[in-house]
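A short worksheet on the structure shown next.
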Amino acid sequence: MLVTLSIRNLAVVEAVDVHFFKGFHVLSGETGAGKSIIIDALGLIAGGRGSADLVRYGCDKAEMEALFELPANHPVWSTLEQQGIKANAEEHLLIRRELTVQGKSSSRINGQMVNLTMLREVGEQLVNIHGQHEHQSLLRADRHLALLDTFGDTVIGPVKALYRERYNAFVKAEKEVRELQSSSQKAYQLLDMYRFQLEEIAAAELKLGEDELLAEERVKLSHSEKMMDGISGAYELLNGRGGLDVINDVLSRLNDVQNYDSKSLQPIAEQIQSAFYQLEDAAFQLRSYREDIEFNPGKLYEVEQRLNQITGLQRKYGDSIEQILEYYSRIEQETDLLENKDERLEQLIANRDQLLADLLEIAEELTEAREICAEELAEQVEQELKDLQMERTSLKVRIDAIEDPRGYEYKGLRVRPTKQGIDNAEFLISPNPGEPLRPLGKIASGGELSRIMLAMKSIFARHDQIPVLIFDEVDTGVSGRAAQSIAEKLYRLSSVCQVFSITHLPQVACMADHQYLIEKNVYDGRTMTQIEGLTEEGRVKELARMLGGVEITEKTLHHAQEMLNLAEGKKA
């Protein structure tokens with residue numbers, strides 16, 4: 001449940017700290033006092049989009065904090081764990097939201113920064129807000145299937161999960177069929193081009209690294225004459241009188257005097273001897289290299305022609321021989337597919353048809369599960385409506401196949417599978433016996449829609465485990481006994497979750513366990529909204545105001561006290 005709510009500098013609210021409890025809470029006050037600001041704050045805590053316009057004039061930012069107390073088995077704890085947020089089910093959950101005048105927003109859960117998506121994922125498991133016009137969503141038939149699936153999740157959910165798995169496989173197969181069918185003319189053009197490219201690349205007989213070796217060979221062939229001159233000169237210098245012979249003379253002279261100081265001269269002689277052998281070996285290598293130098297203009301021409309051929313292929317098919325060969329392998333496979341297109345298309349169609357048959361089979365199971373849940377939902381809604389002074393109302397959830405002339409054959413119809421199945425669902429209502437069932441929008445008045453919505457929320461509250469349920473003037477358009485019924489329904493609903501209701505009706509307010517007065521006053525030229533938890537005496541005065549308007553008389557006070565006493569009796 002929601003334990004505390006703190007608001008700073010939000011619209012006309014300067015500072016509000018309010019504590020809440022278990023049960024049914026009513027927020028009352030004059031029109032325009034700022035009751036909706038409290039709801040807006042909870043909406044922001046739950047991940048709603050904020051605006052710089054909500055920041056109080058003259059302030060840098062608006063701040064909201066909410067403290068929740070939740071059971072250990074609540075699903076929000078696993079959500080927090082998945083998000084990497086540290087949380088302990090034995091402690092409270094703290095959510096903080098800030099809005100700046102620049103329109104920036106920041107959020108924290110238990111002190112850890114989270115983005116808006118993460119906050120919304122957590123918030124939608126904690127707070128459910130139902131505005132005074134939300135019953136209009138009941139008029140949208142496209143929302144009815146989702147409502148039915150939510151109600152029957154334990155029965156419908158597993159079948160729906162299997163259906164979606166098969167639906168995804170079918171959609172993939174159908175896409176492959178259509179792509180292959182639509183590419184016929186283009187395929188033949190591609191086939192001709194691929195064949196030419198395959199022949200051109202195959203004829204080149206490319207080898208990995210060939211271009212690098214050819215480039216090296218071209219350099220040597222292009223400079224063979226210069227290389228011959230340089231190598232020959234180096235060899236002659238080493239092998240002639242100025243080279244090895246000089247070193248040999250040095251060694252001979254050292255040998256003549258080495259015995260006089262062998263300790264000092266022998267290492268030097270050995271070093272020169274080693275250098276002599278190395279230079280002698282280098283001279284032999286230079287001579288061998290010179291003998292291998294090739295003057296071959298014809299071969300140079302062949303190398304350049306081959307390199308030009310490779311360069312031409314690189315401009316068309318890739319920056320390297322490796323990329324060219326990879327391209328060759330890829331279009332070889334595509335050519336094979338194109339050449340066997342008809343056979344491939346037959347295989348794809350056969351696979352698609354089998355997947356469609358499997359899909360329609362599970363779709364039928366999904367429809368049957370929905371029909372079972374639809375009957376149960378209708379029975380429960382009718383029972384709830386009896387409590388709301390609509391005991392003669394009949395409700396039915398009509399489930400029809402989604403027909404499409406371009407769809408697939410199914411039990412004599414052409415249907416179009418979607419992610420949700422092959423079903424449309426629509427709530428039909430008959431307010432009075434003998435009248436036919438018709439869509440909600442054509443039958444129900446505003447007051448009736450409010451009660452139908454409340455009946456459904458009462459049912460869904462037992463399924464979704466959302467601890468805080470907020471109704472913003474859900475009783476608009478009703479009065480008398482119907483208003484009393486709504487009040488009693490809200491009170492009974494508070495045994496399942498914590499219920500908040502903004503109301504102008506004393507019949508609803510008197511049934512609350514806790515009542516808060518929201519007032520707007522002017523201090524030092526600034527408008528401020530304040531919220532006050534009412535005592536027994538304060539509730540009597542507020543109910544009297546709701547009953548009699550501005551002027552409160554002894555009779556209205558007496559009537560208000562009597563309403564509270566009667567309400568306590570009903571709750572008991």
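Residues are referred to by chain and number: the chain letter is A, B, ... according to the order shown in the structure tokens, the number counts from 1 in that chain, and ligands are numbered separately from 1 in the order shown.
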
Can you tell me, as a short mmCIF file (atom, residue, chain, number, x, y, z; two decimals) with N, CA, C and O atoms, in the first residue's frame, what residues are no more than 7 Å from region 460-467 of chain A when counting only C-alpha atoms, ignoring any on the same chain fewer than 3 positions away?
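Result file is result.cif:
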```cif
data_model
loop_
_atom_site.label_atom_id
_atom_site.label_comp_id
_atom_site.auth_asym_id
_atom_site.auth_seq_id
_atom_site.Cartn_x
_atom_site.Cartn_y
_atom_site.Cartn_z
N MET A 1 0.84 -1.20 0.00
CA MET A 1 0.00 0.00 0.00
C MET A 1 0.88 1.25 0.00
O MET A 1 2.07 1.19 0.29
N GLN A 125 2.87 -1.54 -11.75
CA GLN A 125 2.57 -2.64 -10.85
C GLN A 125 2.17 -2.15 -9.45
O GLN A 125 1.80 -2.95 -8.61
N LEU A 126 2.25 -0.83 -9.24
CA LEU A 126 1.95 -0.27 -7.92
C LEU A 126 0.70 0.58 -7.89
O LEU A 126 -0.06 0.55 -6.92
N VAL A 127 0.48 1.36 -8.96
CA VAL A 127 -0.61 2.35 -8.95
C VAL A 127 -1.43 2.21 -10.23
O VAL A 127 -0.87 2.12 -11.31
N ASN A 128 -2.74 2.20 -10.06
CA ASN A 128 -3.65 2.17 -11.21
C ASN A 128 -4.62 3.32 -11.06
O ASN A 128 -5.39 3.36 -10.09
N PHE A 151 -8.47 -10.65 -17.89
CA PHE A 151 -9.33 -11.35 -16.94
C PHE A 151 -9.03 -12.85 -16.90
O PHE A 151 -8.91 -13.46 -15.85
N MET A 456 -16.06 -3.77 -13.60
CA MET A 456 -14.94 -4.48 -14.21
C MET A 456 -13.66 -4.27 -13.41
O MET A 456 -12.88 -5.21 -13.21
N LYS A 457 -13.42 -3.03 -12.93
CA LYS A 457 -12.23 -2.79 -12.14
C LYS A 457 -12.27 -3.61 -10.85
O LYS A 457 -11.23 -4.06 -10.37
N VAL A 496 -9.55 -5.59 -0.89
CA VAL A 496 -8.59 -6.26 -1.78
C VAL A 496 -7.34 -5.41 -1.98
O VAL A 496 -6.23 -5.93 -2.06
N CYS A 497 -7.53 -4.10 -2.06
CA CYS A 497 -6.41 -3.19 -2.29
C CYS A 497 -6.73 -1.85 -1.63
O CYS A 497 -7.85 -1.62 -1.16
N GLN A 498 -5.74 -0.98 -1.62
CA GLN A 498 -5.92 0.36 -1.07
C GLN A 498 -6.63 1.22 -2.12
O GLN A 498 -6.16 1.35 -3.25
#
```

Can you pull out every residue within 7 Å of His25 (chain A), counting only C-alpha atoms, but drop anything in the same chain fewer than 3 positions away, and send it as a PyMOL selection string? chain A and resi 499-501+512-515

Those selected residues, please, written with C-alpha atoms and delivered as a short mmCIF file (atom, residue, chain, number, x, y, z; two decimals), in the first residue's frame.
```cif
data_model
loop_
_atom_site.label_atom_id
_atom_site.label_comp_id
_atom_site.auth_asym_id
_atom_site.auth_seq_id
_atom_site.Cartn_x
_atom_site.Cartn_y
_atom_site.Cartn_z
CA VAL A 499 -8.60 2.55 -2.72
CA PHE A 500 -8.55 6.32 -3.25
CA SER A 501 -11.49 8.24 -4.66
CA ALA A 512 -14.58 6.10 3.48
CA ASP A 513 -12.30 4.80 6.20
CA HIS A 514 -10.21 7.96 5.89
CA GLN A 515 -11.17 11.34 4.44
#
```

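With only C-alpha atoms as the atoms that count, the residue of A:Leu547, A:Ile429, A:Met511, A:Leu440 with the shortest distance to Leu139 (chain A) is A:Leu440.
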
Write out as a PyMOL selection string which residues come within 10 Å of Cys373 (chain A) when counting only C-alpha atoms, dropping same-chain ones fewer than 3 positions away. chain A and resi 148-149+151-156+367-370+376-379+397

Which residues in region 393-443 of chain A does DSSP call strand (DSSP E or B)? List them as a PyMOL selection string. chain A and resi 394-401+403-410+413-415+418+421+423-430+438-439

Which residues are near Leu93 (chain A)? Cut-off 10 Å, only C-alpha atoms, ignore same chain within fewer than 4 positions. Put them as a ChimeraX atom specification. /A:2-3,66-70,76-77,87-89,109-111

Please save all heavy atoms of the selected residues as a short mmCIF file (atom, residue, chain, number, x, y, z; two decimals), in the first residue's frame.
```
data_model
loop_
_atom_site.label_atom_id
_atom_site.label_comp_id
_atom_site.auth_asym_id
_atom_site.auth_seq_id
_atom_site.Cartn_x
_atom_site.Cartn_y
_atom_site.Cartn_z
N LEU A 2 0.27 2.39 -0.31
CA LEU A 2 0.95 3.68 -0.27
C LEU A 2 0.93 4.17 1.17
O LEU A 2 -0.14 4.34 1.76
CB LEU A 2 0.25 4.67 -1.20
CG LEU A 2 0.78 6.11 -1.20
CD1 LEU A 2 2.21 6.15 -1.71
CD2 LEU A 2 -0.12 7.00 -2.06
N VAL A 3 2.13 4.40 1.75
CA VAL A 3 2.23 4.81 3.15
C VAL A 3 2.27 6.32 3.29
O VAL A 3 1.52 6.92 4.05
CB VAL A 3 3.48 4.18 3.81
CG1 VAL A 3 3.59 4.61 5.27
CG2 VAL A 3 3.41 2.66 3.71
N ALA A 66 7.17 8.95 -2.84
CA ALA A 66 6.12 8.04 -2.37
C ALA A 66 6.78 6.84 -1.71
O ALA A 66 7.75 6.28 -2.23
CB ALA A 66 5.23 7.59 -3.52
N LEU A 67 6.22 6.46 -0.57
CA LEU A 67 6.74 5.31 0.19
C LEU A 67 5.68 4.22 0.18
O LEU A 67 4.53 4.45 0.56
CB LEU A 67 7.07 5.74 1.62
CG LEU A 67 7.92 4.78 2.45
CD1 LEU A 67 9.33 4.70 1.88
CD2 LEU A 67 7.98 5.25 3.90
N PHE A 68 6.09 3.03 -0.28
CA PHE A 68 5.15 1.91 -0.39
C PHE A 68 5.54 0.79 0.56
O PHE A 68 6.73 0.51 0.77
CB PHE A 68 5.13 1.35 -1.82
CG PHE A 68 4.58 2.30 -2.84
CD1 PHE A 68 5.42 3.21 -3.49
CD2 PHE A 68 3.24 2.29 -3.16
CE1 PHE A 68 4.92 4.07 -4.45
CE2 PHE A 68 2.73 3.16 -4.11
CZ PHE A 68 3.57 4.05 -4.75
N GLU A 69 4.54 0.12 1.10
CA GLU A 69 4.74 -1.09 1.90
C GLU A 69 4.08 -2.24 1.16
O GLU A 69 2.87 -2.21 0.92
CB GLU A 69 4.12 -0.91 3.29
CG GLU A 69 4.33 -2.11 4.21
CD GLU A 69 3.68 -1.88 5.57
OE1 GLU A 69 3.67 -0.74 6.05
OE2 GLU A 69 3.18 -2.87 6.14
N LEU A 70 4.88 -3.25 0.79
CA LEU A 70 4.39 -4.31 -0.09
C LEU A 70 4.71 -5.67 0.49
O LEU A 70 5.74 -5.85 1.15
CB LEU A 70 5.03 -4.18 -1.48
CG LEU A 70 4.83 -2.83 -2.18
CD1 LEU A 70 5.78 -2.69 -3.34
CD2 LEU A 70 3.39 -2.69 -2.65
N VAL A 76 6.47 -6.92 -7.99
CA VAL A 76 7.37 -5.79 -8.22
C VAL A 76 8.79 -6.09 -7.74
O VAL A 76 9.78 -5.57 -8.29
CB VAL A 76 6.84 -4.51 -7.54
CG1 VAL A 76 7.06 -4.54 -6.04
CG2 VAL A 76 7.49 -3.26 -8.14
N TRP A 77 8.94 -6.96 -6.74
CA TRP A 77 10.28 -7.27 -6.23
C TRP A 77 11.13 -7.97 -7.29
O TRP A 77 12.32 -7.68 -7.44
CB TRP A 77 10.20 -8.12 -4.97
CG TRP A 77 9.48 -7.46 -3.84
CD1 TRP A 77 8.31 -7.87 -3.25
CD2 TRP A 77 9.85 -6.26 -3.15
NE1 TRP A 77 7.94 -7.02 -2.25
CE2 TRP A 77 8.86 -6.01 -2.16
CE3 TRP A 77 10.92 -5.38 -3.27
CZ2 TRP A 77 8.92 -4.92 -1.30
CZ3 TRP A 77 10.97 -4.29 -2.41
CH2 TRP A 77 9.99 -4.06 -1.45
N ALA A 87 16.75 -3.96 -3.43
CA ALA A 87 15.49 -3.81 -2.71
C ALA A 87 15.32 -5.00 -1.78
O ALA A 87 15.75 -6.11 -2.09
CB ALA A 87 14.32 -3.71 -3.68
N ASN A 88 14.68 -4.75 -0.65
CA ASN A 88 14.44 -5.78 0.34
C ASN A 88 12.95 -5.78 0.66
O ASN A 88 12.40 -4.75 1.07
CB ASN A 88 15.28 -5.52 1.60
CG ASN A 88 15.20 -6.67 2.59
OD1 ASN A 88 14.30 -7.50 2.53
ND2 ASN A 88 16.16 -6.72 3.49
N ALA A 89 12.32 -6.93 0.49
CA ALA A 89 10.88 -7.02 0.71
C ALA A 89 10.51 -6.75 2.16
O ALA A 89 9.34 -6.47 2.47
CB ALA A 89 10.37 -8.39 0.28
N ILE A 109 14.69 4.98 -7.54
CA ILE A 109 13.99 3.95 -6.79
C ILE A 109 14.96 3.44 -5.74
O ILE A 109 16.05 2.95 -6.08
CB ILE A 109 13.53 2.79 -7.70
CG1 ILE A 109 12.54 3.30 -8.75
CG2 ILE A 109 12.88 1.68 -6.87
CD1 ILE A 109 12.05 2.24 -9.72
N ASN A 110 14.59 3.59 -4.48
CA ASN A 110 15.48 3.25 -3.36
C ASN A 110 16.85 3.92 -3.51
O ASN A 110 17.90 3.32 -3.23
CB ASN A 110 15.65 1.73 -3.23
CG ASN A 110 14.47 1.09 -2.53
OD1 ASN A 110 13.52 1.78 -2.15
ND2 ASN A 110 14.50 -0.21 -2.36
N GLY A 111 16.84 5.14 -4.01
CA GLY A 111 18.07 5.92 -4.14
C GLY A 111 18.85 5.68 -5.41
O GLY A 111 19.80 6.41 -5.70
#
```

Here CA of Val122 (chain A) and CA of Ala46 (chain A) stand apart by 7.2 Å

Neighbour list for Ala572 (chain A) as a compact mmCIF listing (two decimals) with all heavy atoms, in the first residue's frame, cut-off 12 Å, only C-alpha atoms, skip fewer than 2 positions in-chain:
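Result file is out-v4.txt:
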```
# COMPACT_ATOMS: atom_id res chain seq x y z
N GLU A 488 -20.58 1.81 -1.72
CA GLU A 488 -20.43 0.50 -1.08
C GLU A 488 -19.49 -0.39 -1.86
O GLU A 488 -18.70 -1.16 -1.28
CB GLU A 488 -21.81 -0.15 -0.93
CG GLU A 488 -22.73 0.61 0.03
CD GLU A 488 -24.15 0.07 0.03
OE1 GLU A 488 -24.38 -1.00 -0.60
OE2 GLU A 488 -25.03 0.71 0.64
N TYR A 491 -15.98 0.68 -1.16
CA TYR A 491 -15.56 0.23 0.18
C TYR A 491 -15.21 -1.26 0.17
O TYR A 491 -14.19 -1.67 0.74
CB TYR A 491 -16.68 0.50 1.19
CG TYR A 491 -16.38 -0.10 2.54
CD1 TYR A 491 -15.43 0.47 3.38
CD2 TYR A 491 -17.03 -1.27 2.96
CE1 TYR A 491 -15.12 -0.10 4.61
CE2 TYR A 491 -16.73 -1.84 4.19
CZ TYR A 491 -15.78 -1.25 5.01
OH TYR A 491 -15.48 -1.83 6.21
N ARG A 492 -16.04 -2.08 -0.47
CA ARG A 492 -15.75 -3.52 -0.52
C ARG A 492 -14.46 -3.79 -1.30
O ARG A 492 -13.70 -4.69 -0.97
CB ARG A 492 -16.92 -4.27 -1.14
CG ARG A 492 -18.11 -4.41 -0.22
CD ARG A 492 -19.07 -5.48 -0.72
NE ARG A 492 -19.73 -5.06 -1.94
CZ ARG A 492 -20.87 -4.36 -1.97
NH1 ARG A 492 -21.44 -3.98 -0.84
NH2 ARG A 492 -21.41 -4.02 -3.11
N MET A 511 -18.68 6.72 3.22
CA MET A 511 -18.30 5.31 3.31
C MET A 511 -16.79 5.13 3.47
O MET A 511 -16.30 4.01 3.63
CB MET A 511 -18.76 4.55 2.06
CG MET A 511 -20.27 4.32 1.99
SD MET A 511 -20.86 3.25 3.32
CE MET A 511 -20.10 1.68 2.87
N ASP A 513 -12.97 5.04 4.92
CA ASP A 513 -12.30 4.80 6.20
C ASP A 513 -11.51 6.03 6.62
O ASP A 513 -11.33 6.29 7.82
CB ASP A 513 -11.35 3.61 6.07
CG ASP A 513 -12.09 2.32 5.76
OD1 ASP A 513 -13.08 2.04 6.45
OD2 ASP A 513 -11.68 1.62 4.82
N ASN A 565 -23.07 7.81 10.59
CA ASN A 565 -23.52 6.71 11.45
C ASN A 565 -24.09 5.56 10.64
O ASN A 565 -23.81 4.39 10.91
CB ASN A 565 -24.57 7.22 12.44
CG ASN A 565 -23.99 8.23 13.42
OD1 ASN A 565 -22.77 8.26 13.63
ND2 ASN A 565 -24.85 9.05 14.01
N LEU A 566 -24.90 5.90 9.64
CA LEU A 566 -25.47 4.86 8.78
C LEU A 566 -24.37 4.12 8.01
O LEU A 566 -24.42 2.90 7.84
CB LEU A 566 -26.47 5.48 7.80
CG LEU A 566 -27.80 5.95 8.41
CD1 LEU A 566 -28.61 6.74 7.37
CD2 LEU A 566 -28.61 4.76 8.91
N ALA A 567 -23.37 4.90 7.56
CA ALA A 567 -22.25 4.28 6.81
C ALA A 567 -21.48 3.31 7.70
O ALA A 567 -21.11 2.21 7.27
CB ALA A 567 -21.31 5.37 6.28
N GLU A 568 -21.24 3.71 8.96
CA GLU A 568 -20.53 2.81 9.88
C GLU A 568 -21.34 1.54 10.10
O GLU A 568 -20.77 0.45 10.21
CB GLU A 568 -20.28 3.53 11.21
CG GLU A 568 -19.25 4.64 11.15
CD GLU A 568 -17.89 4.13 10.67
OE1 GLU A 568 -17.48 3.04 11.09
OE2 GLU A 568 -17.27 4.83 9.84
N GLY A 569 -22.65 1.68 10.14
CA GLY A 569 -23.50 0.50 10.30
C GLY A 569 -23.40 -0.42 9.10
O GLY A 569 -23.32 -1.66 9.25
N LYS A 570 -23.40 0.16 7.90
CA LYS A 570 -23.28 -0.65 6.70
C LYS A 570 -21.93 -1.36 6.65
O LYS A 570 -21.84 -2.53 6.28
CB LYS A 570 -23.46 0.23 5.45
CG LYS A 570 -24.87 0.71 5.21
CD LYS A 570 -24.94 1.56 3.95
CE LYS A 570 -26.37 2.09 3.73
NZ LYS A 570 -27.32 0.98 3.47
```

Could you pull the residues within 12 Å of region 385-395 of chain A, counting only C-alpha atoms, minus those fewer than 2 positions along the same chain, as a VMD selection string? chain A and resid 374 to 383 397 to 398 426 to 440 443 to 444 447 to 459 475 478 to 490 492

Just checking: using only C-alpha atoms, which residue out of A:Gly84, A:Glu304, A:Leu251, A:Glu334 ends up closest to Val219 (chain A)?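 Smallest separation from Val219 (chain A) among the options: A:Glu304.
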
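Considering only C-alpha atoms, the residue among A:Ala425, A:Lys172, A:Leu221, A:Lys541 positioned nearest to Lys396 (chain A) is A:Ala425.
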
For a test of reading the model, state the distance in Å between CA of Arg8 (chain A) and CA of Thr476 (chain A), rounded to one decimal.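 Those two atoms sit 29.6 Å apart.
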
Quick one, how far is CA of Glu371 (chain A) from CA of Ile399 (chain A)?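 Separating CA of Glu371 (chain A) from CA of Ile399 (chain A) is a distance of 7.1 Å.
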
Close residues, Val522 (chain A) itself excluded, 12 Å, only C-alpha atoms, min 4 positions apart in chain, as a PDB file with N, CA, C and O atoms, in the first residue's frame:
```
ATOM      1  N   VAL A  12       0.088  24.329  -7.843  1.00  0.00           N
ATOM      2  CA  VAL A  12      -0.249  25.226  -6.740  1.00  0.00           C
ATOM      3  C   VAL A  12       0.104  24.621  -5.385  1.00  0.00           C
ATOM      4  O   VAL A  12      -0.162  25.228  -4.342  1.00  0.00           O
ATOM      5  N   VAL A  13       0.699  23.446  -5.375  1.00  0.00           N
ATOM      6  CA  VAL A  13       1.119  22.819  -4.116  1.00  0.00           C
ATOM      7  C   VAL A  13       2.540  23.258  -3.800  1.00  0.00           C
ATOM      8  O   VAL A  13       3.467  23.010  -4.571  1.00  0.00           O
ATOM      9  N   GLU A  14       2.714  23.920  -2.640  1.00  0.00           N
ATOM     10  CA  GLU A  14       4.053  24.314  -2.221  1.00  0.00           C
ATOM     11  C   GLU A  14       4.725  23.178  -1.452  1.00  0.00           C
ATOM     12  O   GLU A  14       5.854  22.789  -1.756  1.00  0.00           O
ATOM     13  N   ALA A  33      -9.913  23.098  -6.236  1.00  0.00           N
ATOM     14  CA  ALA A  33      -9.043  23.211  -5.054  1.00  0.00           C
ATOM     15  C   ALA A  33      -7.688  22.563  -5.283  1.00  0.00           C
ATOM     16  O   ALA A  33      -6.736  22.843  -4.551  1.00  0.00           O
ATOM     17  N   ARG A 526       0.225  34.527  -2.768  1.00  0.00           N
ATOM     18  CA  ARG A 526       0.475  33.290  -3.522  1.00  0.00           C
ATOM     19  C   ARG A 526      -0.608  32.267  -3.200  1.00  0.00           C
ATOM     20  O   ARG A 526      -1.001  32.087  -2.049  1.00  0.00           O
ATOM     21  N   THR A 527      -1.081  31.568  -4.239  1.00  0.00           N
ATOM     22  CA  THR A 527      -2.089  30.528  -4.051  1.00  0.00           C
ATOM     23  C   THR A 527      -1.403  29.230  -3.660  1.00  0.00           C
ATOM     24  O   THR A 527      -0.402  28.837  -4.261  1.00  0.00           O
ATOM     25  N   MET A 528      -1.958  28.578  -2.638  1.00  0.00           N
ATOM     26  CA  MET A 528      -1.392  27.315  -2.174  1.00  0.00           C
ATOM     27  C   MET A 528      -2.504  26.309  -1.926  1.00  0.00           C
ATOM     28  O   MET A 528      -3.557  26.655  -1.397  1.00  0.00           O
ATOM     29  N   THR A 529      -2.234  25.079  -2.324  1.00  0.00           N
ATOM     30  CA  THR A 529      -3.161  23.985  -2.045  1.00  0.00           C
ATOM     31  C   THR A 529      -2.616  23.166  -0.886  1.00  0.00           C
ATOM     32  O   THR A 529      -1.425  22.833  -0.849  1.00  0.00           O
ATOM     33  N   GLN A 530      -3.499  22.856   0.075  1.00  0.00           N
ATOM     34  CA  GLN A 530      -3.113  22.077   1.232  1.00  0.00           C
ATOM     35  C   GLN A 530      -4.050  20.872   1.367  1.00  0.00           C
ATOM     36  O   GLN A 530      -5.194  20.905   0.906  1.00  0.00           O
TER      37      GLN A 530
END
```

Output as CSV one row per residue of region 293-312 of chain A within 8 Å of region 196-215 of chain A: the closest atom pair and its distance in Å to one decimal place, counting only C-alpha atoms, sorted by chain and residue number ascending.
```
residue,atom,partner,partner_atom,distance
A:Val303,CA,A:Leu214,CA,6.3
A:Leu307,CA,A:Asp211,CA,6.6
A:Gln309,CA,A:Ala204,CA,7.9
A:Ile310,CA,A:Asp211,CA,7.2
```

File of the preceding selection, all heavy atoms, as a compact mmCIF listing (two decimals), in the first residue's frame:
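This is the output file selection28.txt:
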```txt
# COMPACT_ATOMS: atom_id res chain seq x y z
N VAL A 303 53.22 -10.10 -65.86
CA VAL A 303 52.91 -9.76 -64.47
C VAL A 303 52.01 -8.54 -64.42
O VAL A 303 51.01 -8.48 -63.67
CB VAL A 303 54.20 -9.53 -63.67
CG1 VAL A 303 53.89 -8.90 -62.31
CG2 VAL A 303 54.95 -10.84 -63.48
N LEU A 307 48.22 -8.28 -62.94
CA LEU A 307 47.84 -7.32 -61.90
C LEU A 307 46.71 -6.41 -62.35
O LEU A 307 45.81 -6.07 -61.56
CB LEU A 307 49.06 -6.48 -61.51
CG LEU A 307 50.08 -7.16 -60.59
CD1 LEU A 307 51.33 -6.30 -60.43
CD2 LEU A 307 49.46 -7.45 -59.22
N GLN A 309 44.38 -7.26 -64.42
CA GLN A 309 43.17 -8.09 -64.38
C GLN A 309 42.62 -8.16 -62.95
O GLN A 309 41.41 -8.02 -62.73
CB GLN A 309 43.48 -9.51 -64.88
CG GLN A 309 42.26 -10.42 -64.91
CD GLN A 309 42.62 -11.85 -65.30
OE1 GLN A 309 43.78 -12.24 -65.23
NE2 GLN A 309 41.63 -12.61 -65.73
N ILE A 310 43.52 -8.38 -61.99
CA ILE A 310 43.08 -8.46 -60.59
C ILE A 310 42.52 -7.12 -60.12
O ILE A 310 41.48 -7.06 -59.43
CB ILE A 310 44.27 -8.90 -59.70
CG1 ILE A 310 44.66 -10.34 -60.02
CG2 ILE A 310 43.91 -8.76 -58.22
CD1 ILE A 310 45.92 -10.81 -59.31
```

From the DSSP assignment of the backbone, select every residue of region 337-406 of chain A that is helix (DSSP H, G or I), and format the answer as a PyMOL selection string. chain A and resi 337-339+341-387
